[in-house]
Amino acid sequence: MSVSKRRLWALLPVVALGLAACGGGGDEAAEETGAAQTGDAGGGLTVGVSWNNFNEERWAKADEKAMREVFDAEGVEYISTDAGSSAEQQITDVENLISQGADALIILAQDGTAIKPAVAEAVNQGIPVIAYDRLIEDPGAFYLTFDNVEVGRMQAQAIYDLVPEGNYVFIKGNSADANADFLRGGQEEVLTEAAGCSALTPDNPDPACPIKNVGESYTDNWDPAVAQTNMEQFLTQNNNNVQAVVASNDGMAGGVVAALEAQGLAGQVPVSGQDGDAAALNRVALGTQAVSVWKNAFALGAAAAEIAVQLAEGTAFEDVSVDVAALDPSYESSAPAAGNDAAPFTTPGGVEVTSIILTPIPVTQDNLDVPVDAGWVTQEEVCQGVEAGAVEACG
Amino acid sequence: MATTTSPSPVATSGPQPQGGSSGGILRRMEVDPRLFGMLAALAIIWAVFEIWSDGIFISPRNLWNLSLQTSAIGIMATGMVLVIVTRNIDLSVGSMVAVIGVTMALLQVRWLPDWLGLGNPWIWVISLAAGILLGAAIGGFQGVIIAYVGVPAFIVTLGGLLVWRGVAWALSKGQTIAPMDSTFKLLGGGGNATIGGTATWVLAGLASVGLIAALVLGRRRRVKYGFALRPIWADIVIGAVGTAAVLLAAWYLNQYYMPEALARRFVEQSGGEYTGQQIPLGLANPVVIFIVVGLVMTFVATRTRFGRYVFAIGGNPEAAELGGIKTRWTIVKVFIVMGILTAISAAVLTARLDAATSGLGTLAELYVIAAAVIGGTSLAGGIGTVPGAMLGALVAQSLQSGMVLIGVEAPIQDIVVGIVLVVAVALDSLYRRRVAV
């Protein structure tokens, strides 16, 4: 008896190591895993969330917080893993969440294709999967996101309103991320229609088009430093003859603005972004960035949690319905007309998935108060270094 | 190379049978043929991009950009040479950049302003000093585990790669930390963060004098110790070519003028009227830091006892240990140096981007190792030069910047850089085998 007990104790570090490995380095994940081991007594539902990485500003601050609020209110157990930007790690993470007894999974995919085997395994075991924010091309995954094509449209529209003709640069996201192309697609749609052009590709320009694409590149890992280097090269190539930059997110917009600043052009050349990063909203207030399209992550997180609970209770994909504005009042101000019922959505790969798609909001100097009032950022962060009276939201 | 344990029979044993005439000249001039080969490769790369980009690549502006973009990786590559020479590796530098960058950013954006007030001149000094201390501490910590506990460097720094980026995330809470202190930003080389045209000329002049002095002193020292002399014409050619190259570079980079918007602001601020004056920017501050670091590291590697120990350990660790060298402590010191250089790079990168994120320096370890290896550093240990690694960094960055300029997409860029890395090492080992026969 005592011998076997001692053996068990000897195994403990091994088990602990294993658990830590499941967490992929995130201490929070390890903590949650521990909670899952002990807290199953209630017999309630468990929802597992697989994050691809927590590096970006928003996930920890809003998405997870909103999810937990819904879960806490409904008495649902929350377990999570962080894959640290590794697609392989994420497959292991999902398997771990399944073996920990998740009744529904929310997956923020690092790579929407690489994750498919893990999704298939969950589906085989009857566990519903939500593709959170990023597409997974598998009808077994319920797709919940903001309208990324719409984000691209809003970015392009805001820039086009300021610069209806001239040389445009496009700083796109990571080439392996479907969002990068959705965004670019939306930008293309708005600009070609508004300017009356056939296409805005660099290789095949429409000679009659008032907008000229003078530089376009993907950005490895959406890395701001890479975006900065690329922007420097585009400015060099065009001898600074660039009138507008459509950057697909705020981090990269930061790199672009740094490159423009080195040429004394910051504030003269409008730059777009998305995510509503505090640093980016500060640039909007300062006038060096024109727009940051904000996807209300509180609303997205709350919606995902609600959908996960409905699916875990056995609701069929097509019968899912969430009143997002009721879950999160700050959403209503941004998009009253968004659909709340599941609808079919055809992916770029031709797969028909079930989806709920929320509408984002473009934040410019005129409506900086919206993310501030929602509690996304503080007025102090947004208005740092802004002259008194220059921007309404800053007083 | 001069300090490797292998003697230099090349200089004394006369012409080798298999060498061609150009190889013979190079050998008599004692120019490292691999360094020469790399310069040739660089010339080819530049020429190809120049043609492909319709004459933009070798414009003063693009070369100026290139020098700036090379600096951060190049600074770290000078340290990576020593690490690899001692038969170790450091995979953690990219993540260290993140944790050091985030720490320096937090100090100047959040912590110190509350305490000293925004814009206090001590803020940048304290953040930079803290960053360098942190770099030395992390490097030393990893070095102790490697040298005294005996865990392979690959494992320790692989752990570091995960740990430090995680710490960076925890510190930044996943947020972008911006904007940097305005004085600190001068380390980044954007806009007004350059030394100006005159200082660039002065620097080039000093470099020329230094080069000639080094040749004269080197010759005198050889006479003193009775070593074989390089033919006098070889010394003259090296001096002339070197001086010309330095002065040409200074002249050419000074053809890149302050962008119009900045020039207007600059002239009007100093009370003048802007009439389209062309003000040379001169070298960007990070480039000056890069050159100074390169000189210091070359001196450390070739002229100090520490440097000789490093190469002795790399050549034969057991013999070095038996020869009375404190091999373990030397290795710890190598990692401390690497940590300090990483901190300098982190300062340059955050100042340049005017922001820090926990994603800063992603994959930097690979580019740094690639620069050292393209620059002729042998992963088997004992062989490598600081100038080689600096050139290696320039080669790698030339490829990347050039490909952006001609519109090659990111995944293809990775393919090309990967292939070049392998080809460079393959050519190097073929060359070595041929020389050894």
# chains A, B, ... in the order shown; residues from 1 in each chain; ligands from 1
$ residues_around --residues "region 156-169 of chain B" --least-positions-apart "4" --cutoff "8 Å" --atoms "only C-alpha atoms" --output "number ranges by chain"
A: 25-26, 54-55; B: 89-96, 98-100, 102-103, 142, 145-146, 151-152, 173-174, 357-359
$ interface_residues --of "chain B" --to "chain A" --cutoff "6 Å" --atoms "only C-alpha atoms" --output "VMD selection string"
chain B and resid 174 to 175 190 to 191 259 261 to 262 353 405 410
$ closest_residue --among "A:Gly267, A:Pro362, A:Gly314, A:Gly349" --to "Ala158 (chain A)" --atoms "only C-alpha atoms"
A:Pro362
$ closest_residue --among "A:Thr201, A:Gln110, A:Gln187, A:Asn167" --to "Ala87 (chain A)" --atoms "only C-alpha atoms"
A:Gln110
$ select_by_dssp --residues "region 133-340 of chain B" --states "helix (DSSP H, G or I)" --output "MDAnalysis selection string"
chainID B and resid 133:149 153:172 184:188 197:225 232:253 260:269 285:303 305:315 317:322 327:340
$ write_last_selection --atoms "C-alpha atoms" --output "short mmCIF file (atom, residue, chain, number, x, y, z; two decimals), in the first residue's frame"
data_model
loop_
_atom_site.label_atom_id
_atom_site.label_comp_id
_atom_site.auth_asym_id
_atom_site.auth_seq_id
_atom_site.Cartn_x
_atom_site.Cartn_y
_atom_site.Cartn_z
CA LEU B 133 21.65 44.87 -17.69
CA LEU B 134 18.69 42.59 -18.36
CA GLY B 135 20.34 41.29 -21.53
CA ALA B 136 23.59 40.59 -19.69
CA ALA B 137 21.69 38.90 -16.86
CA ILE B 138 19.65 36.64 -19.15
CA GLY B 139 22.72 35.78 -21.21
CA GLY B 140 24.77 35.08 -18.10
CA PHE B 141 22.00 32.97 -16.58
CA GLN B 142 21.72 30.81 -19.71
CA GLY B 143 25.51 30.68 -19.94
CA VAL B 144 25.85 29.36 -16.39
CA ILE B 145 23.34 26.59 -17.06
CA ILE B 146 25.21 25.69 -20.24
CA ALA B 147 28.76 25.87 -18.90
CA TYR B 148 28.43 24.78 -15.27
CA VAL B 149 25.33 22.57 -15.22
CA ALA B 153 23.20 25.21 -25.38
CA PHE B 154 20.66 24.04 -27.94
CA ILE B 155 18.32 22.90 -25.17
CA VAL B 156 18.90 25.81 -22.80
CA THR B 157 18.32 28.43 -25.46
CA LEU B 158 15.43 26.48 -27.00
CA GLY B 159 13.87 26.71 -23.56
CA GLY B 160 14.80 30.40 -23.54
CA LEU B 161 13.07 30.87 -26.89
CA LEU B 162 9.80 29.75 -25.31
CA VAL B 163 10.33 31.25 -21.87
CA TRP B 164 11.40 34.78 -22.80
CA ARG B 165 8.66 35.34 -25.34
CA GLY B 166 6.18 34.11 -22.75
CA VAL B 167 7.64 36.51 -20.20
CA ALA B 168 7.44 39.31 -22.76
CA TRP B 169 3.78 38.54 -23.27
CA ALA B 170 3.09 38.41 -19.55
CA LEU B 171 4.83 41.77 -19.06
CA SER B 172 3.04 43.49 -21.94
CA PHE B 184 15.26 57.10 -27.05
CA LYS B 185 13.79 57.17 -30.57
CA LEU B 186 17.08 58.66 -31.80
CA LEU B 187 18.53 55.15 -31.48
CA GLY B 188 16.17 54.01 -34.23
CA GLY B 197 26.60 64.57 -43.82
CA THR B 198 29.63 66.23 -42.24
CA ALA B 199 29.96 63.69 -39.46
CA THR B 200 29.71 60.92 -42.04
CA TRP B 201 32.69 62.40 -43.88
CA VAL B 202 34.62 62.75 -40.63
CA LEU B 203 33.88 59.14 -39.76
CA ALA B 204 34.98 57.99 -43.20
CA GLY B 205 38.18 60.01 -42.86
CA LEU B 206 38.92 58.49 -39.47
CA ALA B 207 38.25 55.02 -40.87
CA SER B 208 40.70 55.62 -43.74
CA VAL B 209 43.42 56.87 -41.38
CA GLY B 210 42.75 53.94 -39.09
CA LEU B 211 43.05 51.45 -41.93
CA ILE B 212 46.35 52.87 -43.13
CA ALA B 213 47.70 53.04 -39.58
CA ALA B 214 46.72 49.41 -39.02
CA LEU B 215 48.59 48.36 -42.18
CA VAL B 216 51.73 50.31 -41.21
CA LEU B 217 51.70 49.10 -37.61
CA GLY B 218 51.01 45.53 -38.70
CA ARG B 219 53.96 45.65 -41.05
CA ARG B 220 56.22 47.07 -38.35
CA ARG B 221 55.13 44.40 -35.90
CA ARG B 222 55.91 41.66 -38.40
CA VAL B 223 59.37 43.09 -38.90
CA LYS B 224 59.88 43.23 -35.15
CA TYR B 225 58.96 39.57 -34.64
CA ILE B 232 54.73 46.01 -50.22
CA TRP B 233 52.53 46.30 -53.30
CA ALA B 234 49.92 44.13 -51.57
CA ASP B 235 49.82 46.47 -48.59
CA ILE B 236 49.48 49.44 -50.91
CA VAL B 237 46.68 47.80 -52.91
CA ILE B 238 44.78 46.85 -49.75
CA GLY B 239 45.20 50.34 -48.34
CA ALA B 240 44.15 52.03 -51.54
CA VAL B 241 41.16 49.81 -52.21
CA GLY B 242 40.00 49.95 -48.59
CA THR B 243 40.30 53.72 -48.35
CA ALA B 244 38.60 54.21 -51.69
CA ALA B 245 35.75 51.91 -50.69
CA VAL B 246 35.16 53.74 -47.40
CA LEU B 247 35.24 57.19 -49.00
CA LEU B 248 33.06 56.05 -51.89
CA ALA B 249 30.48 54.62 -49.47
CA ALA B 250 30.43 57.89 -47.50
CA TRP B 251 30.09 59.96 -50.66
CA TYR B 252 27.37 57.73 -52.09
CA LEU B 253 25.26 57.51 -48.93
CA GLU B 260 11.39 67.26 -48.45
CA ALA B 261 8.81 67.44 -45.66
CA LEU B 262 11.48 66.91 -43.00
CA ALA B 263 13.92 69.29 -44.65
CA ARG B 264 11.31 72.04 -44.73
CA ARG B 265 10.56 71.54 -41.03
CA PHE B 266 14.28 71.40 -40.23
CA VAL B 267 15.17 74.58 -42.12
CA GLU B 268 12.20 76.53 -40.83
CA GLN B 269 12.86 75.45 -37.26
CA ASN B 285 22.38 56.19 -35.87
CA PRO B 286 21.81 52.39 -35.79
CA VAL B 287 24.34 52.03 -38.61
CA VAL B 288 26.93 53.92 -36.58
CA ILE B 289 26.15 51.69 -33.60
CA PHE B 290 26.49 48.65 -35.88
CA ILE B 291 29.90 49.78 -37.17
CA VAL B 292 31.19 50.59 -33.69
CA VAL B 293 29.94 47.26 -32.35
CA GLY B 294 31.59 45.52 -35.30
CA LEU B 295 34.94 47.21 -34.63
CA VAL B 296 34.81 46.47 -30.92
CA MET B 297 33.83 42.86 -31.49
CA THR B 298 36.55 42.39 -34.12
CA PHE B 299 39.07 43.76 -31.64
CA VAL B 300 37.72 41.52 -28.88
CA ALA B 301 37.82 38.46 -31.12
CA THR B 302 41.28 38.97 -32.60
CA ARG B 303 43.29 41.09 -30.17
CA ARG B 305 43.05 37.15 -24.45
CA PHE B 306 39.32 36.49 -24.15
CA GLY B 307 39.06 36.30 -27.94
CA ARG B 308 41.98 33.91 -28.22
CA TYR B 309 40.46 31.70 -25.51
CA VAL B 310 37.17 31.66 -27.39
CA PHE B 311 38.82 30.37 -30.56
CA ALA B 312 41.02 27.95 -28.61
CA ILE B 313 37.95 26.46 -26.94
CA GLY B 314 36.20 26.19 -30.28
CA GLY B 315 39.19 24.52 -31.91
CA PRO B 317 37.81 22.23 -25.89
CA GLU B 318 39.76 19.50 -24.12
CA ALA B 319 43.12 20.94 -25.13
CA ALA B 320 41.97 24.40 -24.08
CA GLU B 321 40.88 23.11 -20.68
CA LEU B 322 44.16 21.21 -20.21
CA THR B 327 36.64 27.25 -20.43
CA ARG B 328 33.40 27.36 -18.44
CA TRP B 329 33.77 30.94 -17.33
CA THR B 330 34.79 31.95 -20.85
CA ILE B 331 31.59 30.42 -22.22
CA VAL B 332 29.50 32.27 -19.64
CA LYS B 333 31.21 35.48 -20.73
CA VAL B 334 30.43 34.73 -24.38
CA PHE B 335 26.74 34.43 -23.52
CA ILE B 336 26.87 37.64 -21.47
CA VAL B 337 28.32 39.44 -24.50
CA MET B 338 25.57 37.93 -26.67
CA GLY B 339 22.96 39.17 -24.19
CA ILE B 340 24.36 42.71 -24.20
#
$ residues_around --residues "region 386-402 of chain B" --least-positions-apart "4" --cutoff "7 Å" --atoms "only C-alpha atoms" --output "PyMOL selection string"
(chain A and resi 233) or (chain B and resi 35+42+49+57+66+70+73-74+77-78+81+294+297-298+371-372+374-376+406+413+417)
$ write_last_selection --atoms "N, CA and C atoms" --output "short mmCIF file (atom, residue, chain, number, x, y, z; two decimals), in the first residue's frame"
data_model
loop_
_atom_site.label_atom_id
_atom_site.label_comp_id
_atom_site.auth_asym_id
_atom_site.auth_seq_id
_atom_site.Cartn_x
_atom_site.Cartn_y
_atom_site.Cartn_z
N GLN A 233 10.42 50.15 -48.36
CA GLN A 233 10.78 49.77 -49.73
C GLN A 233 9.80 50.38 -50.74
N LEU B 35 35.99 35.63 -47.66
CA LEU B 35 35.50 37.00 -47.53
C LEU B 35 35.38 37.62 -48.92
N LEU B 42 27.85 39.32 -53.04
CA LEU B 42 27.08 40.52 -52.75
C LEU B 42 26.97 41.40 -54.00
N PHE B 49 19.56 42.71 -58.68
CA PHE B 49 18.42 43.50 -58.21
C PHE B 49 18.38 44.87 -58.89
N PHE B 57 17.60 49.72 -56.93
CA PHE B 57 18.27 49.03 -55.84
C PHE B 57 19.56 49.73 -55.40
N LEU B 66 18.94 49.98 -46.73
CA LEU B 66 19.52 48.65 -46.53
C LEU B 66 20.46 48.67 -45.32
N THR B 70 19.80 46.43 -42.00
CA THR B 70 20.75 45.37 -41.65
C THR B 70 21.21 45.47 -40.20
N ILE B 73 19.96 43.04 -36.98
CA ILE B 73 20.38 41.64 -37.11
C ILE B 73 21.91 41.56 -37.08
N GLY B 74 22.56 42.52 -37.75
CA GLY B 74 24.02 42.52 -37.82
C GLY B 74 24.68 42.65 -36.46
N ALA B 77 24.56 39.41 -34.88
CA ALA B 77 25.38 38.41 -35.59
C ALA B 77 26.83 38.46 -35.13
N THR B 78 27.33 39.67 -34.77
CA THR B 78 28.72 39.76 -34.33
C THR B 78 28.94 38.94 -33.05
N VAL B 81 28.71 34.93 -33.70
CA VAL B 81 29.95 34.32 -34.18
C VAL B 81 30.69 33.68 -33.00
N GLY B 294 30.77 46.41 -34.47
CA GLY B 294 31.59 45.52 -35.30
C GLY B 294 33.07 45.69 -35.03
N MET B 297 33.87 44.31 -31.52
CA MET B 297 33.83 42.86 -31.49
C MET B 297 34.98 42.24 -32.27
N THR B 298 35.39 42.90 -33.38
CA THR B 298 36.55 42.39 -34.12
C THR B 298 37.79 42.46 -33.24
N ALA B 371 22.99 34.78 -40.75
CA ALA B 371 24.00 35.78 -41.09
C ALA B 371 25.39 35.29 -40.71
N ALA B 372 25.52 34.73 -39.51
CA ALA B 372 26.82 34.23 -39.06
C ALA B 372 27.30 33.10 -39.97
N ILE B 374 26.24 32.28 -43.15
CA ILE B 374 26.53 32.77 -44.50
C ILE B 374 27.89 33.47 -44.47
N GLY B 375 28.21 34.12 -43.34
CA GLY B 375 29.47 34.82 -43.19
C GLY B 375 30.65 33.92 -42.88
N GLY B 376 30.49 32.61 -43.02
CA GLY B 376 31.63 31.71 -42.94
C GLY B 376 31.90 31.13 -41.56
N ILE B 406 11.21 44.30 -55.81
CA ILE B 406 10.75 43.82 -57.12
C ILE B 406 9.45 43.05 -57.00
N GLN B 413 9.99 34.78 -50.69
CA GLN B 413 11.19 35.36 -50.07
C GLN B 413 11.82 34.36 -49.12
N VAL B 417 15.66 32.84 -49.29
CA VAL B 417 16.63 33.00 -48.21
C VAL B 417 17.07 31.63 -47.70
#
$ residues_around --residues "Ala195 (chain A)" --least-positions-apart "4" --cutoff "12 Å" --atoms "only C-alpha atoms" --output "ChimeraX atom specification"
/A:156-157,160-161,163-166,187-191,199-200,206,208-212
$ write_last_selection --atoms "C-alpha atoms" --output "PDB file, in the first residue's frame"
ATOM      1  CA  ALA A 156     -10.983  51.093 -48.063  1.00  0.00           C
ATOM      2  CA  GLN A 157     -14.063  53.323 -47.835  1.00  0.00           C
ATOM      3  CA  TYR A 160     -11.188  56.489 -50.332  1.00  0.00           C
ATOM      4  CA  ASP A 161     -13.290  59.228 -48.720  1.00  0.00           C
ATOM      5  CA  VAL A 163      -8.085  60.203 -51.110  1.00  0.00           C
ATOM      6  CA  PRO A 164     -10.344  59.561 -54.122  1.00  0.00           C
ATOM      7  CA  GLU A 165      -7.402  59.409 -56.505  1.00  0.00           C
ATOM      8  CA  GLY A 166      -3.687  58.721 -56.305  1.00  0.00           C
ATOM      9  CA  GLN A 187     -10.830  46.602 -50.128  1.00  0.00           C
ATOM     10  CA  GLU A 188     -10.763  45.677 -53.804  1.00  0.00           C
ATOM     11  CA  GLU A 189     -14.552  45.608 -53.988  1.00  0.00           C
ATOM     12  CA  VAL A 190     -15.047  49.097 -52.584  1.00  0.00           C
ATOM     13  CA  LEU A 191     -12.177  50.765 -54.421  1.00  0.00           C
ATOM     14  CA  ALA A 199      -8.993  45.804 -61.086  1.00  0.00           C
ATOM     15  CA  LEU A 200      -6.364  47.132 -58.698  1.00  0.00           C
ATOM     16  CA  ASP A 206      -6.474  49.649 -65.536  1.00  0.00           C
ATOM     17  CA  ALA A 208      -8.174  54.751 -66.850  1.00  0.00           C
ATOM     18  CA  CYS A 209      -8.283  54.119 -63.098  1.00  0.00           C
ATOM     19  CA  PRO A 210      -7.707  57.191 -60.904  1.00  0.00           C
ATOM     20  CA  ILE A 211      -6.315  54.879 -58.207  1.00  0.00           C
ATOM     21  CA  LYS A 212      -3.010  53.185 -58.865  1.00  0.00           C
TER      22      LYS A 212
END
$ closest_residue --among "A:Asp373, A:Asp63, A:Glu193, A:Asp323" --to "Ala297 (chain A)" --atoms "only C-alpha atoms"
A:Asp63
$ residues_around --residues "Leu45 (chain A)" --least-positions-apart "4" --cutoff "7 Å" --atoms "only C-alpha atoms" --output "PyMOL selection string"
chain A and resi 76-77+103
$ write_last_selection --atoms "N, CA and C atoms" --output "CSV table (one decimal), in the first residue's frame"
chain,number,residue,atom,x,y,z
A,76,VAL,N,-21.3,27.3,-16.4
A,76,VAL,CA,-20.5,26.5,-17.3
A,76,VAL,C,-19.1,26.5,-16.9
A,77,GLU,N,-18.4,25.3,-17.0
A,77,GLU,CA,-17.0,25.3,-16.7
A,77,GLU,C,-16.2,25.7,-17.9
A,103,ASP,N,-17.7,19.7,-23.6
A,103,ASP,CA,-18.9,19.4,-24.3
A,103,ASP,C,-19.1,20.2,-25.5
$ select_by_dssp --residues "region 39-251 of chain A" --states "strand (DSSP E or B)" --output "ChimeraX atom specification"
/A:46-51,77-82,104-107,129-132,141-146,166-171,211-217,244-247
$ write_last_selection --atoms "N, CA and C atoms" --output "short mmCIF file (atom, residue, chain, number, x, y, z; two decimals), in the first residue's frame"
data_model
loop_
_atom_site.label_atom_id
_atom_site.label_comp_id
_atom_site.auth_asym_id
_atom_site.auth_seq_id
_atom_site.Cartn_x
_atom_site.Cartn_y
_atom_site.Cartn_z
N THR A 46 -19.09 21.72 -19.79
CA THR A 46 -17.73 22.26 -19.89
C THR A 46 -17.50 22.72 -21.31
N VAL A 47 -16.99 23.94 -21.47
CA VAL A 47 -16.65 24.43 -22.80
C VAL A 47 -15.15 24.66 -22.86
N GLY A 48 -14.52 24.10 -23.89
CA GLY A 48 -13.07 24.25 -24.05
C GLY A 48 -12.76 25.28 -25.12
N VAL A 49 -11.80 26.15 -24.82
CA VAL A 49 -11.41 27.16 -25.81
C VAL A 49 -9.94 26.97 -26.16
N SER A 50 -9.65 26.85 -27.44
CA SER A 50 -8.27 26.74 -27.90
C SER A 50 -7.86 28.05 -28.57
N TRP A 51 -7.00 28.81 -27.87
CA TRP A 51 -6.50 30.06 -28.44
C TRP A 51 -5.27 29.75 -29.28
N GLU A 77 -18.42 25.33 -16.96
CA GLU A 77 -16.99 25.26 -16.69
C GLU A 77 -16.21 25.73 -17.91
N TYR A 78 -15.16 26.56 -17.68
CA TYR A 78 -14.34 27.07 -18.80
C TYR A 78 -12.94 26.49 -18.72
N ILE A 79 -12.50 25.81 -19.75
CA ILE A 79 -11.11 25.36 -19.80
C ILE A 79 -10.48 25.90 -21.08
N SER A 80 -9.15 26.14 -21.05
CA SER A 80 -8.55 26.75 -22.24
C SER A 80 -7.11 26.30 -22.43
N THR A 81 -6.64 26.47 -23.66
CA THR A 81 -5.24 26.20 -23.99
C THR A 81 -4.75 27.33 -24.88
N ASP A 82 -3.44 27.50 -24.92
CA ASP A 82 -2.84 28.52 -25.79
C ASP A 82 -1.76 27.84 -26.63
N ALA A 104 -18.33 21.28 -25.64
CA ALA A 104 -18.30 22.08 -26.87
C ALA A 104 -16.93 22.74 -26.95
N LEU A 105 -16.48 23.00 -28.19
CA LEU A 105 -15.16 23.60 -28.36
C LEU A 105 -15.28 24.92 -29.10
N ILE A 106 -14.49 25.89 -28.64
CA ILE A 106 -14.36 27.14 -29.38
C ILE A 106 -12.90 27.21 -29.83
N ILE A 107 -12.69 27.27 -31.14
CA ILE A 107 -11.31 27.23 -31.64
C ILE A 107 -10.99 28.52 -32.40
N VAL A 129 -18.18 22.15 -32.63
CA VAL A 129 -17.02 23.04 -32.70
C VAL A 129 -17.46 24.39 -33.24
N ILE A 130 -16.96 25.46 -32.62
CA ILE A 130 -17.19 26.81 -33.15
C ILE A 130 -15.86 27.32 -33.69
N ALA A 131 -15.85 27.68 -34.96
CA ALA A 131 -14.67 28.34 -35.53
C ALA A 131 -14.76 29.80 -35.15
N TYR A 132 -13.91 30.19 -34.20
CA TYR A 132 -14.04 31.51 -33.60
C TYR A 132 -13.18 32.53 -34.34
N ALA A 141 -17.79 22.71 -38.36
CA ALA A 141 -17.48 23.82 -37.46
C ALA A 141 -18.45 24.97 -37.70
N PHE A 142 -19.05 25.47 -36.64
CA PHE A 142 -19.95 26.61 -36.72
C PHE A 142 -19.11 27.87 -36.76
N TYR A 143 -19.31 28.69 -37.79
CA TYR A 143 -18.43 29.84 -38.03
C TYR A 143 -19.00 31.09 -37.40
N LEU A 144 -18.27 31.62 -36.40
CA LEU A 144 -18.70 32.88 -35.79
C LEU A 144 -17.59 33.89 -35.99
N THR A 145 -17.92 35.01 -36.61
CA THR A 145 -16.87 35.99 -36.86
C THR A 145 -17.49 37.36 -37.08
N PHE A 146 -16.61 38.33 -37.18
CA PHE A 146 -17.05 39.60 -37.73
C PHE A 146 -16.92 39.50 -39.23
N GLY A 166 -5.10 58.69 -56.66
CA GLY A 166 -3.69 58.72 -56.31
C GLY A 166 -3.10 57.34 -56.18
N ASN A 167 -1.86 57.31 -55.65
CA ASN A 167 -1.14 56.05 -55.52
C ASN A 167 -1.42 55.39 -54.18
N TYR A 168 -1.89 54.15 -54.23
CA TYR A 168 -2.24 53.41 -53.02
C TYR A 168 -1.20 52.31 -52.78
N VAL A 169 -0.92 52.07 -51.48
CA VAL A 169 -0.12 50.90 -51.09
C VAL A 169 -1.01 49.99 -50.25
N PHE A 170 -0.90 48.68 -50.46
CA PHE A 170 -1.70 47.72 -49.70
C PHE A 170 -0.78 46.85 -48.86
N ILE A 171 -0.91 46.94 -47.54
CA ILE A 171 -0.12 46.12 -46.62
C ILE A 171 -1.06 45.04 -46.09
N ILE A 211 -7.10 55.45 -59.31
CA ILE A 211 -6.32 54.88 -58.21
C ILE A 211 -5.30 53.92 -58.79
N LYS A 212 -4.05 54.06 -58.36
CA LYS A 212 -3.01 53.18 -58.86
C LYS A 212 -2.42 52.39 -57.70
N ASN A 213 -2.33 51.08 -57.88
CA ASN A 213 -1.72 50.22 -56.87
C ASN A 213 -0.21 50.23 -57.09
N VAL A 214 0.53 50.91 -56.22
CA VAL A 214 1.97 51.04 -56.44
C VAL A 214 2.78 50.14 -55.51
N GLY A 215 2.09 49.32 -54.73
CA GLY A 215 2.83 48.42 -53.86
C GLY A 215 1.86 47.56 -53.07
N GLU A 216 2.10 46.26 -53.05
CA GLU A 216 1.20 45.36 -52.33
C GLU A 216 2.02 44.20 -51.82
N SER A 217 1.89 43.88 -50.53
CA SER A 217 2.63 42.71 -50.03
C SER A 217 1.94 42.08 -48.84
N ALA A 244 -1.88 57.15 -50.20
CA ALA A 244 -2.73 56.48 -49.22
C ALA A 244 -2.20 55.07 -48.97
N VAL A 245 -2.38 54.59 -47.74
CA VAL A 245 -1.96 53.23 -47.40
C VAL A 245 -3.13 52.48 -46.78
N VAL A 246 -3.51 51.36 -47.40
CA VAL A 246 -4.54 50.52 -46.83
C VAL A 246 -3.82 49.38 -46.11
N ALA A 247 -3.66 49.51 -44.80
CA ALA A 247 -3.02 48.47 -44.00
C ALA A 247 -4.11 47.66 -43.33
#
$ atom_distance --atom1 "CA of Ile136 (chain A)" --atom2 "CA of Thr113 (chain A)"
6.4 Å
$ atom_distance --atom1 "CA of Lys116 (chain A)" --atom2 "CA of Thr92 (chain A)"
12.2 Å
